[in-house]
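**Student:** Questions regarding the structure given below will be posed in turn.
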Amino acid sequence: MPDLMTPMDSFRSLGDPDALLGDAEPKFDPGQVGPVNSHLHLPPNFSAFGTVREAMEQAAGEGIEAVGVNNYYGFEIYTEFAARAALARVLPLFGMEVICMLDDLKASGTLLNDPVNPGKMYLCGKALTDMSPMNEQAQRTMDRIRGLDSSRINDMLGRLESVARRHGLNVTLDPDAIGCRIARHHGCPSEIVYLQERHAAQALQEALSELLEGDALRTALVSLLGDSAHAVDVDQPARIQDLIRSQLMKVGKPAYVDEQFVDFESAHAMILNLWGIPCYPVLLDAAKRISDFESTPDALAQRLRAMNIHAVEFITFRNSRRVLDEYARSLRGQGFIVTAGTEHNTTESMPIEPRGPGGDSLSPETRNLFTEGACVLIAHQLLGAHGRPGWVDGEGRRTDDDDPDRRIARLAAMGAAALERYHQINR
């Protein structure tokens with residue numbers, strides 16, 4: 001693999017950003033850029049991929065030109081990601097995902113992009129450049145996030161173990177042992193493993209499958225999880241894990257532990273301290289109904305601008321094509337960059353190229369908007385590597401002098417040129 005000291009080394013090698021454009025007025029042609037995915041999770045986050053190499057080989061096989069990773073809790077895997085991406089000729093984008101709480105919206109019962117928890121917001125940081133090492137303020141916030149989440153997961157594992165033992169199932173769910181097992185599976189150091197809720201469900205499922213098999217396992221699952229377990233094949237671990245989460249770990253269930261989140265202001269500031277772009281992942285009709293916060297594109301745009309957020313992202317297979325097209329077109333028309341991804345944060349195997357429900361292709365217009373948005377991310381990351389602001393500045397303000405279309409056009413053209421240069425270097 002390329003010998004990289006930090007994830008950003010591969011970007012700094014692209015040279016001066018303005019030199020990529022030349023003197024002509026920049027023009028962006030999305031048809032000249034292949035498929036891009038701005039939102040994946042890589043191990044040791046819970047992921048569909050066993051290793052970073054596996055993910056990059058699949059991306060290369062699909063002809064994906066750029067991939068953005070948005071892991072929770074840490075960036076230690078990103079140097080390997082950058083090196084594997086270079087081998088695969090896939091441009092790497094570095095991001096993060098964080099969960100935060102808006103107490104005023106929680107009090108009013110307002111749902112955002114979590115379908116059941118008022119006030120809870122998933123927030124992404126895109127095109128991070130100042131993360132290795134993190135500055136002191138960002139590190140303090142990250143340490144707090146890790147501490148809150150670690151305490152919750154450890155408590156949840158204890159409750160899962162107790163529930164299982166009350167049903168006569170002698171399992172042990174030790175957080176350190178689970179972390180070491182995940183590290184061995186993904187071939188990474190255990191100290192960079194941060195346990196997530198899905199890891200806890202997986203740990204219980206694996207413990208039960210090691211303890212029992214066949215009819216004995218099915219009987220135990222029905223006893224532990226209720227009659228819904230009758231419909232689950234004992235050879236379908238992902239289905240069993242989903243049932244463990246829904247029947248034991250959600251609100252009101254016996255292993256549920258209250259979530260503790262940082263506030264929105266802290267999460268937003270951490271992304272800016274990492275020189276990234278705060279980005280709102282839009283839920284839309286992935287839930288039973290579109291939330292009040294996202295009720296219309298105009299209302300969503302107004303609320304996000306008030307929060308100093310100027311980028312949105314769609315997990316495309318979760319939304320109907322009609323709603324996806326409507327919101328992407330409207331939000332882009334109101335000066336937001338729009339991007340798309342697939343997450344790959346379950347064990348389900350699927351293409352890396354973002355598609356609609358059932359694997360349908362995206363409309364050409366919407367695909368072009370997502371390509372444009374990804375190229376803006378590339379330009380922001382390149383400019384940040386040279387100590388310059390991109391789509392937003394260090395305060396989160398757009399850098400467009402009230403002409404977002406012109407700024408987006410220039411940054412998208414710069415990103416496309418950087419992508420071409422990256423592929424030339426990594427032939």
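Lettering and numbering for the structure tokens are positional, with chains as A, B, ... in the shown order, residues counted from 1 in each chain, and ligands counted from 1 in the shown order.
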Could you name the residues that touch A:Gly356 at 9 Å or less, counting only C-alpha atoms, but leaving out those on the same chain fewer than 6 positions away, as a PyMOL selection string?
**Tutor:** chain A and resi 315-321+324+362
**Student:** Please produce a file of the residues just selected, as a compact mmCIF listing (two decimals), in the first residue's frame, where the atoms kept are C-alpha atoms.
**Tutor:**
# COMPACT_ATOMS: atom_id res chain seq x y z
CA ILE A 315 -29.62 7.66 1.79
CA THR A 316 -31.26 7.03 -1.54
CA PHE A 317 -32.66 3.50 -1.28
CA ARG A 318 -34.80 4.53 1.68
CA ASN A 319 -36.84 7.12 -0.20
CA SER A 320 -39.35 7.05 -3.00
CA ARG A 321 -38.06 8.48 -6.25
CA LEU A 324 -36.15 12.18 -3.44
CA LEU A 362 -31.85 7.46 -9.88
**Student:** Identify, on the basis of only C-alpha atoms, every residue whose closest approach to A:Arg410 does not exceed 9 Å; exclude the query and any residue fewer than 6 positions from it along the same chain; express the result as a list in words.
**Tutor:**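 So the residues in contact are Leu21, Glu25, Pro26, Lys27, Phe28 and Val376 of chain A.
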**Student:** Give me a file of those residues, with C-alpha atoms, as a CSV table (one decimal), in the first residue's frame.
**Tutor:**
chain,number,residue,atom,x,y,z
A,21,LEU,CA,-8.7,25.0,-13.0
A,25,GLU,CA,-14.1,30.3,-16.3
A,26,PRO,CA,-14.7,26.9,-14.7
A,27,LYS,CA,-17.5,24.7,-16.1
A,28,PHE,CA,-18.7,21.6,-14.4
A,376,VAL,CA,-17.9,20.2,-4.0
**Student:** Please identify which residues in stretch 166-351 of chain A DSSP calls strand (DSSP E) from the backbone, and express them as an MDAnalysis selection string.
**Tutor:** chainID A and resid 262:263 277:282 311:315 337:341
**Student:** Taking the chain letters and numbering used in this document, name the residues of stretch 16-142 of chain A that DSSP puts in alpha helix (DSSP H), as a PyMOL selection string.
**Tutor:** chain A and resi 52-62+78-88+103-107+136-142
**Student:** Using only C-alpha atoms, which of the listed residues (A:Leu272, A:Val323, A:Leu93, A:Cys188) sits closest to A:Asn308?
**Tutor:** A:Leu272
**Student:** Could you please determine the separation between atom CA of A:Ser209 and atom CA of A:His185 in Å, to one decimal place?
**Tutor:**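 Answer for the atom CA of A:Ser209 to atom CA of A:His185 separation: 16.9 Å.
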**Student:** Could you list, as a PyMOL selection string, every residue within 10 Å of stretch 50-58 of chain A, counting only C-alpha atoms and ignoring same-chain residues fewer than 4 positions away?
**Tutor:** chain A and resi 40-44+46+62-64+67+77-78+80-90+92+182+185-188+344+347+351-352
**Student:** What's around A:Ile153 at 9 Å? Count only C-alpha atoms, leave out sequence neighbours fewer than 2 positions away in its own chain, and write the answer as a PyMOL selection string.
**Tutor:** chain A and resi 148-151+155-158+175+195-197+200+257
**Student:** Rank nothing, just name the residue among A:Ile378, A:Ala177, A:Ala286, A:Met96 nearest to A:Leu123, using only C-alpha atoms.
**Tutor:** A:Met96
**Student:** Show which residues sit within 7 Å of A:Phe336, as a list in words. Count only C-alpha atoms, and ignore same-chain residues fewer than 4 positions away.
**Tutor:**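 Near neighbours after the sequence-gap exclusion: His310, Ala311, Val312, Leu331 and Arg332 of chain A.
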**Student:** Go ahead and save the residues from that selection, with N, CA and C atoms, as a short mmCIF file (atom, residue, chain, number, x, y, z; two decimals), in the first residue's frame.
**Tutor:**
data_model
loop_
_atom_site.label_atom_id
_atom_site.label_comp_id
_atom_site.auth_asym_id
_atom_site.auth_seq_id
_atom_site.Cartn_x
_atom_site.Cartn_y
_atom_site.Cartn_z
N HIS A 310 -25.56 24.05 5.58
CA HIS A 310 -25.70 24.40 4.16
C HIS A 310 -25.43 23.20 3.26
N ALA A 311 -25.60 22.00 3.80
CA ALA A 311 -25.42 20.78 3.02
C ALA A 311 -26.40 19.73 3.53
N VAL A 312 -26.94 18.94 2.62
CA VAL A 312 -27.85 17.86 3.00
C VAL A 312 -27.43 16.59 2.28
N LEU A 331 -33.92 21.75 -2.64
CA LEU A 331 -32.86 22.18 -1.72
C LEU A 331 -31.64 22.69 -2.48
N ARG A 332 -31.30 22.03 -3.58
CA ARG A 332 -30.20 22.55 -4.40
C ARG A 332 -30.55 23.93 -4.96
#
**Student:** Hey, what's within 12 Å of A:Ile290 if we count only C-alpha atoms and toss same-chain stuff fewer than 2 positions away? As a VMD selection string, please?
**Tutor:** chain A and resid 110 to 116 282 to 288 292 to 297 300 319 to 320 323 to 324 327
**Student:** Could you please take those selected residues and save N, CA and C atoms as a PDB file, in the first residue's frame?
**Tutor:**
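The resulting out_12.pdb:
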ATOM      1  N   THR A 110     -40.889  17.442  18.673  1.00  0.00           N
ATOM      2  CA  THR A 110     -40.608  17.541  17.241  1.00  0.00           C
ATOM      3  C   THR A 110     -39.615  16.473  16.800  1.00  0.00           C
ATOM      4  N   LEU A 111     -40.000  15.698  15.799  1.00  0.00           N
ATOM      5  CA  LEU A 111     -39.113  14.715  15.205  1.00  0.00           C
ATOM      6  C   LEU A 111     -38.293  15.359  14.102  1.00  0.00           C
ATOM      7  N   LEU A 112     -37.006  14.967  14.020  1.00  0.00           N
ATOM      8  CA  LEU A 112     -36.132  15.474  12.961  1.00  0.00           C
ATOM      9  C   LEU A 112     -35.813  14.322  12.001  1.00  0.00           C
ATOM     10  N   ASN A 113     -34.581  13.787  12.076  1.00  0.00           N
ATOM     11  CA  ASN A 113     -34.246  12.668  11.191  1.00  0.00           C
ATOM     12  C   ASN A 113     -34.091  11.348  11.926  1.00  0.00           C
ATOM     13  N   ASP A 114     -34.592  11.277  13.149  1.00  0.00           N
ATOM     14  CA  ASP A 114     -34.808  10.017  13.844  1.00  0.00           C
ATOM     15  C   ASP A 114     -36.317   9.803  13.884  1.00  0.00           C
ATOM     16  N   PRO A 115     -36.804   8.648  13.417  1.00  0.00           N
ATOM     17  CA  PRO A 115     -38.254   8.502  13.234  1.00  0.00           C
ATOM     18  C   PRO A 115     -39.075   8.381  14.510  1.00  0.00           C
ATOM     19  N   VAL A 116     -38.426   8.152  15.675  1.00  0.00           N
ATOM     20  CA  VAL A 116     -39.219   7.917  16.884  1.00  0.00           C
ATOM     21  C   VAL A 116     -38.808   8.759  18.079  1.00  0.00           C
ATOM     22  N   VAL A 282     -31.059  13.647   5.473  1.00  0.00           N
ATOM     23  CA  VAL A 282     -32.516  13.804   5.394  1.00  0.00           C
ATOM     24  C   VAL A 282     -33.192  12.435   5.480  1.00  0.00           C
ATOM     25  N   LEU A 283     -34.200  12.319   6.335  1.00  0.00           N
ATOM     26  CA  LEU A 283     -34.910  11.055   6.521  1.00  0.00           C
ATOM     27  C   LEU A 283     -36.038  10.885   5.501  1.00  0.00           C
ATOM     28  N   LEU A 284     -36.907  11.891   5.396  1.00  0.00           N
ATOM     29  CA  LEU A 284     -38.043  11.901   4.466  1.00  0.00           C
ATOM     30  C   LEU A 284     -38.959  10.694   4.672  1.00  0.00           C
ATOM     31  N   ASP A 285     -39.380  10.032   3.574  1.00  0.00           N
ATOM     32  CA  ASP A 285     -40.375   8.968   3.697  1.00  0.00           C
ATOM     33  C   ASP A 285     -39.755   7.606   3.992  1.00  0.00           C
ATOM     34  N   ALA A 286     -38.513   7.605   4.532  1.00  0.00           N
ATOM     35  CA  ALA A 286     -37.979   6.364   5.096  1.00  0.00           C
ATOM     36  C   ALA A 286     -38.754   5.986   6.350  1.00  0.00           C
ATOM     37  N   ALA A 287     -39.417   6.966   6.963  1.00  0.00           N
ATOM     38  CA  ALA A 287     -40.276   6.724   8.120  1.00  0.00           C
ATOM     39  C   ALA A 287     -41.720   6.578   7.642  1.00  0.00           C
ATOM     40  N   LYS A 288     -42.620   6.314   8.580  1.00  0.00           N
ATOM     41  CA  LYS A 288     -44.022   6.139   8.217  1.00  0.00           C
ATOM     42  C   LYS A 288     -44.607   7.424   7.663  1.00  0.00           C
ATOM     43  N   ASP A 292     -42.236  16.591  10.951  1.00  0.00           N
ATOM     44  CA  ASP A 292     -42.595  18.009  10.895  1.00  0.00           C
ATOM     45  C   ASP A 292     -41.389  18.873  10.531  1.00  0.00           C
ATOM     46  N   PHE A 293     -40.215  18.514  11.018  1.00  0.00           N
ATOM     47  CA  PHE A 293     -39.011  19.292  10.731  1.00  0.00           C
ATOM     48  C   PHE A 293     -38.705  19.295   9.242  1.00  0.00           C
ATOM     49  N   GLU A 294     -39.010  18.177   8.569  1.00  0.00           N
ATOM     50  CA  GLU A 294     -38.733  18.025   7.135  1.00  0.00           C
ATOM     51  C   GLU A 294     -39.988  18.179   6.286  1.00  0.00           C
ATOM     52  N   SER A 295     -41.035  18.747   6.839  1.00  0.00           N
ATOM     53  CA  SER A 295     -42.380  18.689   6.258  1.00  0.00           C
ATOM     54  C   SER A 295     -42.449  19.108   4.794  1.00  0.00           C
ATOM     55  N   THR A 296     -41.722  20.147   4.415  1.00  0.00           N
ATOM     56  CA  THR A 296     -41.631  20.580   3.021  1.00  0.00           C
ATOM     57  C   THR A 296     -40.180  20.976   2.752  1.00  0.00           C
ATOM     58  N   PRO A 297     -39.765  20.977   1.489  1.00  0.00           N
ATOM     59  CA  PRO A 297     -38.396  21.424   1.208  1.00  0.00           C
ATOM     60  C   PRO A 297     -38.137  22.853   1.675  1.00  0.00           C
ATOM     61  N   LEU A 300     -37.774  22.907   5.502  1.00  0.00           N
ATOM     62  CA  LEU A 300     -36.509  22.303   5.891  1.00  0.00           C
ATOM     63  C   LEU A 300     -35.351  23.253   5.598  1.00  0.00           C
ATOM     64  N   ASN A 319     -35.814   6.132   0.172  1.00  0.00           N
ATOM     65  CA  ASN A 319     -36.838   7.119  -0.204  1.00  0.00           C
ATOM     66  C   ASN A 319     -37.446   6.830  -1.559  1.00  0.00           C
ATOM     67  N   SER A 320     -38.725   7.187  -1.700  1.00  0.00           N
ATOM     68  CA  SER A 320     -39.351   7.048  -3.004  1.00  0.00           C
ATOM     69  C   SER A 320     -38.696   8.010  -3.981  1.00  0.00           C
ATOM     70  N   VAL A 323     -40.276  11.662  -3.988  1.00  0.00           N
ATOM     71  CA  VAL A 323     -39.891  12.522  -2.869  1.00  0.00           C
ATOM     72  C   VAL A 323     -38.414  12.888  -2.954  1.00  0.00           C
ATOM     73  N   LEU A 324     -37.581  11.920  -3.302  1.00  0.00           N
ATOM     74  CA  LEU A 324     -36.147  12.181  -3.442  1.00  0.00           C
ATOM     75  C   LEU A 324     -35.896  13.270  -4.480  1.00  0.00           C
ATOM     76  N   TYR A 327     -37.187  16.867  -3.180  1.00  0.00           N
ATOM     77  CA  TYR A 327     -36.387  17.518  -2.139  1.00  0.00           C
ATOM     78  C   TYR A 327     -34.992  17.860  -2.647  1.00  0.00           C
TER      79      TYR A 327
END
**Student:** Can you tell me, as a PyMOL selection string, what residues are no more than 9 Å from A:Arg329 when counting only C-alpha atoms, ignoring any on the same chain fewer than 3 positions away?
**Tutor:** chain A and resi 324-326+332-334+338+365-366+369
